[in-house]
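K.L.:
Got structure-v4.pdb for you, PDB, C-alpha atoms:
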ATOM      1  CA  MET A 153       0.000   0.000   0.000
ATOM      2  CA  THR A 154       2.074   2.908  -1.241
ATOM      3  CA  GLY A 155       1.325   6.168  -2.982
ATOM      4  CA  PRO A 156      -0.967   9.005  -2.088
ATOM      5  CA  TYR A 157      -4.513   8.505  -0.959
ATOM      6  CA  ARG A 158      -6.754   8.523  -4.022
ATOM      7  CA  PRO A 159     -10.402   8.717  -3.041
ATOM      8  CA  LYS A 160     -12.677   7.131  -5.616
ATOM      9  CA  PRO A 161     -16.031   8.874  -5.208
ATOM     10  CA  LYS A 162     -19.082   7.310  -6.721
ATOM     11  CA  TRP A 163     -20.250   9.800  -9.305
ATOM     12  CA  ALA A 164     -23.565  10.396  -7.529
ATOM     13  CA  TRP A 165     -21.992  11.659  -4.300
ATOM     14  CA  PHE A 166     -23.703  15.029  -4.672
ATOM     15  CA  VAL A 167     -27.212  13.691  -4.014
ATOM     16  CA  GLN A 168     -26.257  13.228  -0.354
ATOM     17  CA  ARG A 169     -26.880  16.838   0.632
ATOM     18  CA  PRO A 170     -29.070  19.670  -0.704
ATOM     19  CA  GLY A 171     -26.025  21.974  -0.713
ATOM     20  CA  TYR A 172     -24.145  19.544  -2.967
ATOM     21  CA  ILE A 173     -27.141  19.365  -5.306
ATOM     22  CA  ARG A 174     -27.282  23.173  -5.496
ATOM     23  CA  PHE A 175     -23.550  23.149  -6.259
ATOM     24  CA  MET A 176     -24.081  20.667  -9.093
ATOM     25  CA  ILE A 177     -27.003  22.676 -10.514
ATOM     26  CA  ARG A 178     -24.787  25.773 -10.494
ATOM     27  CA  GLU A 179     -22.033  23.879 -12.297
ATOM     28  CA  LEU A 180     -24.572  22.585 -14.828
ATOM     29  CA  THR A 181     -25.403  26.153 -15.915
ATOM     30  CA  ALA A 182     -22.086  26.067 -17.792
ATOM     31  CA  VAL A 183     -23.368  23.228 -19.993
ATOM     32  CA  PHE A 184     -26.482  25.203 -20.953
ATOM     33  CA  ILE A 185     -24.557  28.438 -21.518
ATOM     34  CA  GLY A 186     -21.909  26.643 -23.592
ATOM     35  CA  ALA A 187     -24.557  24.941 -25.728
ATOM     36  CA  TYR A 188     -26.338  28.257 -26.211
ATOM     37  CA  LEU A 189     -23.110  29.999 -27.247
ATOM     38  CA  ILE A 190     -22.575  27.353 -29.942
ATOM     39  CA  PHE A 191     -26.091  28.115 -31.179
ATOM     40  CA  LEU A 192     -25.226  31.833 -31.098
ATOM     41  CA  LEU A 193     -22.211  31.090 -33.315
ATOM     42  CA  VAL A 194     -24.547  29.428 -35.832
ATOM     43  CA  LEU A 195     -26.818  32.482 -35.719
ATOM     44  CA  LEU A 196     -23.843  34.813 -36.296
ATOM     45  CA  SER A 197     -22.619  32.706 -39.217
ATOM     46  CA  LYS A 198     -26.096  32.944 -40.803
ATOM     47  CA  LEU A 199     -26.006  36.690 -40.221
ATOM     48  CA  GLY A 200     -22.715  36.815 -42.122
ATOM     49  CA  ARG A 201     -24.089  34.749 -44.993
ATOM     50  CA  GLY A 202     -26.768  37.272 -45.798
ATOM     51  CA  GLU A 203     -30.419  38.126 -45.445
ATOM     52  CA  ALA A 204     -31.859  34.891 -46.896
ATOM     53  CA  SER A 205     -29.902  32.658 -44.477
ATOM     54  CA  PHE A 206     -30.697  34.833 -41.473
ATOM     55  CA  THR A 207     -34.428  35.208 -42.111
ATOM     56  CA  ALA A 208     -34.705  31.446 -42.789
ATOM     57  CA  LEU A 209     -33.182  30.818 -39.347
ATOM     58  CA  LEU A 210     -35.600  33.294 -37.720
ATOM     59  CA  ALA A 211     -38.510  31.357 -39.284
ATOM     60  CA  THR A 212     -37.060  28.029 -38.058
ATOM     61  CA  LEU A 213     -36.767  29.423 -34.526
ATOM     62  CA  HIS A 214     -40.381  30.574 -34.541
ATOM     63  CA  ASN A 215     -41.916  27.550 -32.807
ATOM     64  CA  SER A 216     -42.455  26.236 -29.301
ATOM     65  CA  PHE A 217     -39.583  23.714 -29.489
ATOM     66  CA  TRP A 218     -36.943  26.413 -29.965
ATOM     67  CA  GLU A 219     -38.777  28.680 -27.547
ATOM     68  CA  LEU A 220     -38.593  25.952 -24.900
ATOM     69  CA  LEU A 221     -34.836  25.512 -25.465
ATOM     70  CA  HIS A 222     -34.412  29.262 -25.050
ATOM     71  CA  VAL A 223     -36.460  29.197 -21.849
ATOM     72  CA  ALA A 224     -34.174  26.469 -20.468
ATOM     73  CA  ALA A 225     -31.046  28.397 -21.506
ATOM     74  CA  LEU A 226     -32.436  31.616 -20.041
ATOM     75  CA  ILE A 227     -33.216  29.991 -16.681
ATOM     76  CA  ALA A 228     -29.700  28.525 -16.552
ATOM     77  CA  ALA A 229     -28.092  31.834 -17.563
ATOM     78  CA  VAL A 230     -30.066  33.851 -15.010
ATOM     79  CA  TRP A 231     -29.201  31.284 -12.336
ATOM     80  CA  HIS A 232     -25.528  31.656 -13.277
ATOM     81  CA  THR A 233     -25.858  35.451 -13.003
ATOM     82  CA  ILE A 234     -27.542  35.259  -9.583
ATOM     83  CA  THR A 235     -25.080  32.749  -8.109
ATOM     84  CA  TRP A 236     -22.115  34.623  -9.626
ATOM     85  CA  PHE A 237     -23.041  38.036  -8.264
ATOM     86  CA  ASN A 238     -24.063  36.621  -4.886
ATOM     87  CA  ALA A 239     -20.554  35.126  -4.636
ATOM     88  CA  THR A 240     -18.835  38.339  -5.773
ATOM     89  CA  PRO A 241     -18.737  39.989  -2.291
ATOM     90  CA  GLN A 242     -16.999  36.856  -0.950
ATOM     91  CA  ALA A 243     -14.454  36.828  -3.772
ATOM     92  CA  LEU A 244     -13.848  40.592  -3.856
ATOM     93  CA  PRO A 245     -14.615  42.097  -0.450
ATOM     94  CA  VAL A 246     -14.844  45.889  -0.560
ATOM     95  CA  PHE A 247     -13.588  47.923   2.382
ATOM     96  CA  ILE A 248     -14.716  51.413   3.235
ATOM     97  CA  GLY A 249     -11.946  52.612   5.504
ATOM     98  CA  GLU A 250     -11.610  49.866   8.119
ATOM     99  CA  ASN A 251     -15.092  48.471   7.617
ATOM    100  CA  ARG A 252     -16.153  45.851   5.165
ATOM    101  CA  ALA A 253     -18.988  47.054   2.932
ATOM    102  CA  PRO A 254     -22.224  45.077   3.322
ATOM    103  CA  ASN A 255     -22.463  42.111   0.935
ATOM    104  CA  VAL A 256     -25.782  43.321  -0.449
ATOM    105  CA  LEU A 257     -24.312  46.670  -1.505
ATOM    106  CA  VAL A 258     -21.272  45.021  -3.118
ATOM    107  CA  ALA A 259     -23.483  42.554  -4.998
ATOM    108  CA  ILE A 260     -25.686  45.373  -6.289
ATOM    109  CA  GLY A 261     -22.857  47.785  -7.059
ATOM    110  CA  MET A 262     -20.539  45.302  -8.746
ATOM    111  CA  GLY A 263     -23.119  42.865 -10.076
ATOM    112  CA  TYR A 264     -26.825  43.459 -10.298
ATOM    113  CA  GLY A 265     -26.539  47.163 -11.159
ATOM    114  CA  PRO A 266     -24.160  46.647 -14.093
ATOM    115  CA  TRP A 267     -26.250  43.610 -15.162
ATOM    116  CA  ILE A 268     -29.397  45.741 -15.447
ATOM    117  CA  MET A 269     -27.513  48.474 -17.320
ATOM    118  CA  VAL A 270     -25.904  46.047 -19.796
ATOM    119  CA  SER A 271     -29.233  44.271 -20.374
ATOM    120  CA  ALA A 272     -30.982  47.610 -20.952
ATOM    121  CA  VAL A 273     -28.342  48.678 -23.475
ATOM    122  CA  ILE A 274     -28.647  45.367 -25.362
ATOM    123  CA  LEU A 275     -32.449  45.597 -25.494
ATOM    124  CA  TRP A 276     -32.240  49.268 -26.500
ATOM    125  CA  GLY A 277     -29.803  48.416 -29.313
ATOM    126  CA  VAL A 278     -32.164  45.777 -30.679
ATOM    127  CA  LEU A 279     -35.511  47.509 -30.122
ATOM    128  CA  ARG A 280     -34.754  51.183 -30.800
TER     129      ARG A 280
ATOM    130  CA  MET B 137       7.963  11.987 -18.942
ATOM    131  CA  ASN B 138       7.233  12.116 -15.266
ATOM    132  CA  GLN B 139       4.775   9.320 -14.592
ATOM    133  CA  SER B 140       4.935   9.366 -10.800
ATOM    134  CA  ASN B 141       2.072  10.465  -8.624
ATOM    135  CA  HIS B 142       4.140  13.383  -7.442
ATOM    136  CA  PRO B 143       4.849  15.413 -10.548
ATOM    137  CA  ALA B 144       7.720  17.851 -10.299
ATOM    138  CA  ARG B 145       6.540  21.297  -9.339
ATOM    139  CA  GLY B 146       6.898  23.565 -12.333
ATOM    140  CA  PRO B 147       5.114  26.561 -13.735
ATOM    141  CA  SER B 148       1.418  25.807 -13.557
ATOM    142  CA  SER B 149      -1.207  26.932 -16.030
ATOM    143  CA  GLU B 150      -3.923  26.813 -13.365
ATOM    144  CA  ALA B 151      -3.750  30.549 -12.604
ATOM    145  CA  LEU B 152      -4.451  31.289 -16.269
ATOM    146  CA  TRP B 153      -7.468  28.928 -16.360
ATOM    147  CA  TRP B 154      -8.904  30.417 -13.167
ATOM    148  CA  ALA B 155      -8.419  33.953 -14.509
ATOM    149  CA  LEU B 156     -10.192  33.067 -17.760
ATOM    150  CA  PHE B 157     -12.921  31.364 -15.701
ATOM    151  CA  SER B 158     -13.453  34.510 -13.636
ATOM    152  CA  VAL B 159     -13.516  36.964 -16.535
ATOM    153  CA  GLY B 160     -15.797  34.615 -18.486
ATOM    154  CA  GLY B 161     -18.077  34.238 -15.479
ATOM    155  CA  VAL B 162     -18.540  38.012 -15.329
ATOM    156  CA  MET B 163     -19.057  38.266 -19.098
ATOM    157  CA  ALA B 164     -21.637  35.461 -19.132
ATOM    158  CA  ALA B 165     -23.420  36.906 -16.080
ATOM    159  CA  LEU B 166     -23.658  40.401 -17.561
ATOM    160  CA  PHE B 167     -24.423  39.699 -21.222
ATOM    161  CA  VAL B 168     -25.804  36.211 -21.861
ATOM    162  CA  PRO B 169     -29.324  36.461 -20.322
ATOM    163  CA  ALA B 170     -30.230  39.519 -22.433
ATOM    164  CA  ILE B 171     -28.730  37.963 -25.584
ATOM    165  CA  ILE B 172     -30.772  34.784 -24.998
ATOM    166  CA  PHE B 173     -33.884  36.915 -24.576
ATOM    167  CA  VAL B 174     -33.186  38.645 -27.900
ATOM    168  CA  THR B 175     -32.506  35.521 -29.983
ATOM    169  CA  GLY B 176     -35.203  33.477 -28.272
ATOM    170  CA  PHE B 177     -38.121  35.856 -27.936
ATOM    171  CA  LEU B 178     -37.557  39.098 -29.892
ATOM    172  CA  LEU B 179     -36.101  37.911 -33.218
ATOM    173  CA  PRO B 180     -37.918  34.677 -34.213
ATOM    174  CA  THR B 181     -40.690  35.368 -36.706
ATOM    175  CA  SER B 182     -42.362  33.709 -39.684
ATOM    176  CA  ASP B 183     -43.331  37.025 -41.266
ATOM    177  CA  PRO B 184     -40.848  37.791 -44.117
ATOM    178  CA  ASP B 185     -41.116  41.581 -43.801
ATOM    179  CA  THR B 186     -40.563  41.547 -40.036
ATOM    180  CA  ALA B 187     -37.638  39.148 -40.535
ATOM    181  CA  THR B 188     -36.042  41.473 -43.092
ATOM    182  CA  GLY B 189     -36.393  44.362 -40.648
ATOM    183  CA  HIS B 190     -34.704  42.251 -37.949
ATOM    184  CA  TYR B 191     -31.890  41.331 -40.343
ATOM    185  CA  VAL B 192     -31.222  44.975 -41.208
ATOM    186  CA  ARG B 193     -31.318  45.996 -37.530
ATOM    187  CA  ILE B 194     -29.092  43.189 -36.207
ATOM    188  CA  HIS B 195     -26.676  43.433 -39.132
ATOM    189  CA  GLY B 196     -26.372  47.161 -38.504
ATOM    190  CA  VAL B 197     -25.762  46.723 -34.770
ATOM    191  CA  VAL B 198     -23.214  43.910 -35.149
ATOM    192  CA  SER B 199     -21.400  45.736 -37.986
ATOM    193  CA  TRP B 200     -20.396  48.497 -35.578
ATOM    194  CA  TRP B 201     -16.852  47.626 -34.504
ATOM    195  CA  PRO B 202     -17.267  48.215 -30.729
ATOM    196  CA  VAL B 203     -20.136  45.708 -30.715
ATOM    197  CA  ARG B 204     -17.965  43.194 -32.579
ATOM    198  CA  ILE B 205     -15.169  43.542 -30.035
ATOM    199  CA  VAL B 206     -17.587  43.130 -27.115
ATOM    200  CA  LEU B 207     -19.222  40.102 -28.780
ATOM    201  CA  VAL B 208     -15.848  38.430 -29.347
ATOM    202  CA  GLY B 209     -14.937  39.129 -25.709
ATOM    203  CA  VAL B 210     -18.226  37.777 -24.374
ATOM    204  CA  LEU B 211     -18.071  34.593 -26.451
ATOM    205  CA  VAL B 212     -14.358  33.810 -26.046
ATOM    206  CA  PHE B 213     -14.201  34.363 -22.287
ATOM    207  CA  SER B 214     -17.546  32.628 -21.708
ATOM    208  CA  PHE B 215     -16.341  29.599 -23.673
ATOM    209  CA  PHE B 216     -13.317  29.306 -21.382
ATOM    210  CA  HIS B 217     -15.544  29.849 -18.339
ATOM    211  CA  CYS B 218     -17.782  26.960 -19.399
ATOM    212  CA  ALA B 219     -14.797  24.756 -20.291
ATOM    213  CA  HIS B 220     -13.285  25.300 -16.835
ATOM    214  CA  ARG B 221     -16.525  24.510 -15.020
ATOM    215  CA  VAL B 222     -17.225  21.423 -17.099
ATOM    216  CA  ARG B 223     -13.652  20.196 -16.581
ATOM    217  CA  HIS B 224     -13.828  20.601 -12.804
ATOM    218  CA  THR B 225     -17.324  19.116 -12.602
ATOM    219  CA  LEU B 226     -16.212  16.038 -14.553
ATOM    220  CA  MET B 227     -13.216  15.723 -12.220
ATOM    221  CA  ASP B 228     -15.583  15.964  -9.237
ATOM    222  CA  LEU B 229     -17.779  13.287 -10.804
ATOM    223  CA  GLY B 230     -14.885  10.816 -10.690
ATOM    224  CA  LEU B 231     -12.696  11.575 -13.716
ATOM    225  CA  ARG B 232      -9.833  12.960 -11.635
ATOM    226  CA  ASP B 233      -7.538  10.333 -13.162
ATOM    227  CA  GLN B 234      -8.160  11.752 -16.624
ATOM    228  CA  GLU B 235      -7.048  15.255 -15.725
ATOM    229  CA  ALA B 236      -4.676  15.747 -18.673
ATOM    230  CA  ALA B 237      -7.169  14.445 -21.227
ATOM    231  CA  LEU B 238      -9.941  16.591 -19.725
ATOM    232  CA  LYS B 239      -7.753  19.689 -19.953
ATOM    233  CA  TRP B 240      -7.062  19.112 -23.632
ATOM    234  CA  LEU B 241     -10.688  18.304 -24.352
ATOM    235  CA  CYS B 242     -12.279  21.217 -22.480
ATOM    236  CA  TYR B 243      -9.817  24.019 -23.222
ATOM    237  CA  GLY B 244      -9.326  22.676 -26.757
ATOM    238  CA  ALA B 245     -13.068  22.962 -27.340
ATOM    239  CA  ALA B 246     -13.029  26.491 -25.894
ATOM    240  CA  LEU B 247     -10.144  27.417 -28.183
ATOM    241  CA  ALA B 248     -11.982  25.986 -31.201
ATOM    242  CA  GLY B 249     -15.079  27.969 -30.204
ATOM    243  CA  SER B 250     -12.953  31.105 -29.854
ATOM    244  CA  VAL B 251     -11.411  30.703 -33.317
ATOM    245  CA  ALA B 252     -14.873  30.084 -34.785
ATOM    246  CA  THR B 253     -16.152  33.200 -32.996
ATOM    247  CA  VAL B 254     -13.470  35.433 -34.515
ATOM    248  CA  VAL B 255     -14.065  33.956 -37.988
ATOM    249  CA  MET B 256     -17.867  34.277 -37.808
ATOM    250  CA  ILE B 257     -17.799  37.851 -36.543
ATOM    251  CA  TRP B 258     -15.058  38.799 -39.025
ATOM    252  CA  ARG B 259     -17.316  37.646 -41.878
ATOM    253  CA  ILE B 260     -20.306  39.769 -40.880
TER     254      ILE B 260
END
Would you give me this structure, written as structure tokens?

P.N.:
Amino acid sequence: MTGPYRPKPKWAWFVQRPGYIRFMIRELTAVFIGAYLIFLLVLLSKLGRGEASFTALLATLHNSFWELLHVAALIAAVWHTITWFNATPQALPVFIGENRAPNVLVAIGMGYGPWIMVSAVILWGVLR
Amino acid sequence: MNQSNHPARGPSSEALWWALFSVGGVMAALFVPAIIFVTGFLLPTSDPDTATGHYVRIHGVVSWWPVRIVLVGVLVFSFFHCAHRVRHTLMDLGLRDQEAALKWLCYGAALAGSVATVVMIWRI
């Protein structure tokens, strides 16, 4: 018996505790976001190919199947945003003088505030 | 090749992967929900005239060079963010022995996605 200790977890270890399950759900958002970004690449390539390609894609997307996939991706992306900005005050604590700024203020100032502004600019750019 | 369980300590690439993960996490958090909303619920249409209007609008927006730079940044960093999370999740799910292969697979896929991003946005 030599060598370092190599634990061999059964892959389903995370079902043991609700916290582990929440961790795994958070990690899973990356799969949805990655898959969506690949779709976004396809959309951008159609945009580069011209009007006919792009409008054909918009017609293909106009059904409940694609809408449902977007709903799933949106839920995952929003969950990523929420978990990311809630963790930001832990990762980047802000000090005002000697005192640590409240987590809520840091999350809003460095996360949720910019998120709302960026989202508004994107929607304005598309809808104006 | 060092095949022992105690690899010699050398320069590690981990700091780079964690930095890309962090920047990508911010990019994805800030930009991706609104982009999903646009492509999922604002753009899709079966009406040809509306679709043409959307094409002109989106083509105009994405043709502006600052938007292109931001889009490349969002996609490239988010790809590496996702790759890092997927790699670590797969390691946590029991593939710790396959660390080297997972690195190549995940970051290789992110790199391929990044190259494709630059090409696709260049062509618009």

K.L.:
Write out as a PyMOL selection string every residue belonging to chain B that has an atom at most 9 Å from any atom of chain A, counting only C-alpha atoms.

P.N.:
chain B and resi 141-142+161-162+164-184+187-188+190-195+197+211+214-215+217-222+224-225+228-232+249+252-253+255-260

K.L.:
Rounded to one decimal, what separation in Å do you get between atom CA of B:Gly160 and atom CA of B:Phe216?

P.N.:
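Taking atom CA of B:Gly160 and atom CA of B:Phe216, their separation equals 6.5 Å.
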
K.L.:
Have a look at atom CA of B:Cys242 and atom CA of B:Leu226 and let me know their distance in Å, one decimal.

P.N.:
10.3 Å

K.L.:
Suppose you want the space between atom CA of B:Val254 and atom CA of B:Leu156; what is it in Å?

P.N.:
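Value for the atom CA of B:Val254-atom CA of B:Leu156 distance: 17.2 Å.
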
K.L.:
Considering only C-alpha atoms, state which residue in the set B:Arg204, B:Trp240, B:Asp233, B:Arg223 is at the smallest distance from B:Trp154.

P.N.:
B:Arg223

K.L.:
Around all the atoms of stretch 223-228 of chain B listed in the file, with 4 Å of room on each side, what axis-aligned box do you get, giving centre and edge lengths in Å to one decimal, as AutoDock Vina command-line options?

P.N.:
--center_x -15.3 --center_y 18.2 --center_z -12.9 --size_x 12.1 --size_y 12.9 --size_z 15.3

K.L.:
Tell me which protein, DNA and RNA residues are within 12 Å of A:Pro254, counting only C-alpha atoms, leaving out same-chain ones fewer than 2 positions away, and put them as a PyMOL selection string.

P.N.:
chain A and resi 238+240-242+244-248+251-252+256-261

K.L.:
Set the distance at 9 Å and use all atoms listed in the file: which residues neighbour B:Ser158 once local chain neighbours fewer than 5 positions away are removed? I'd like the list as a list in words.

P.N.:
Trp153, Met163, Phe213 and His217 of chain B
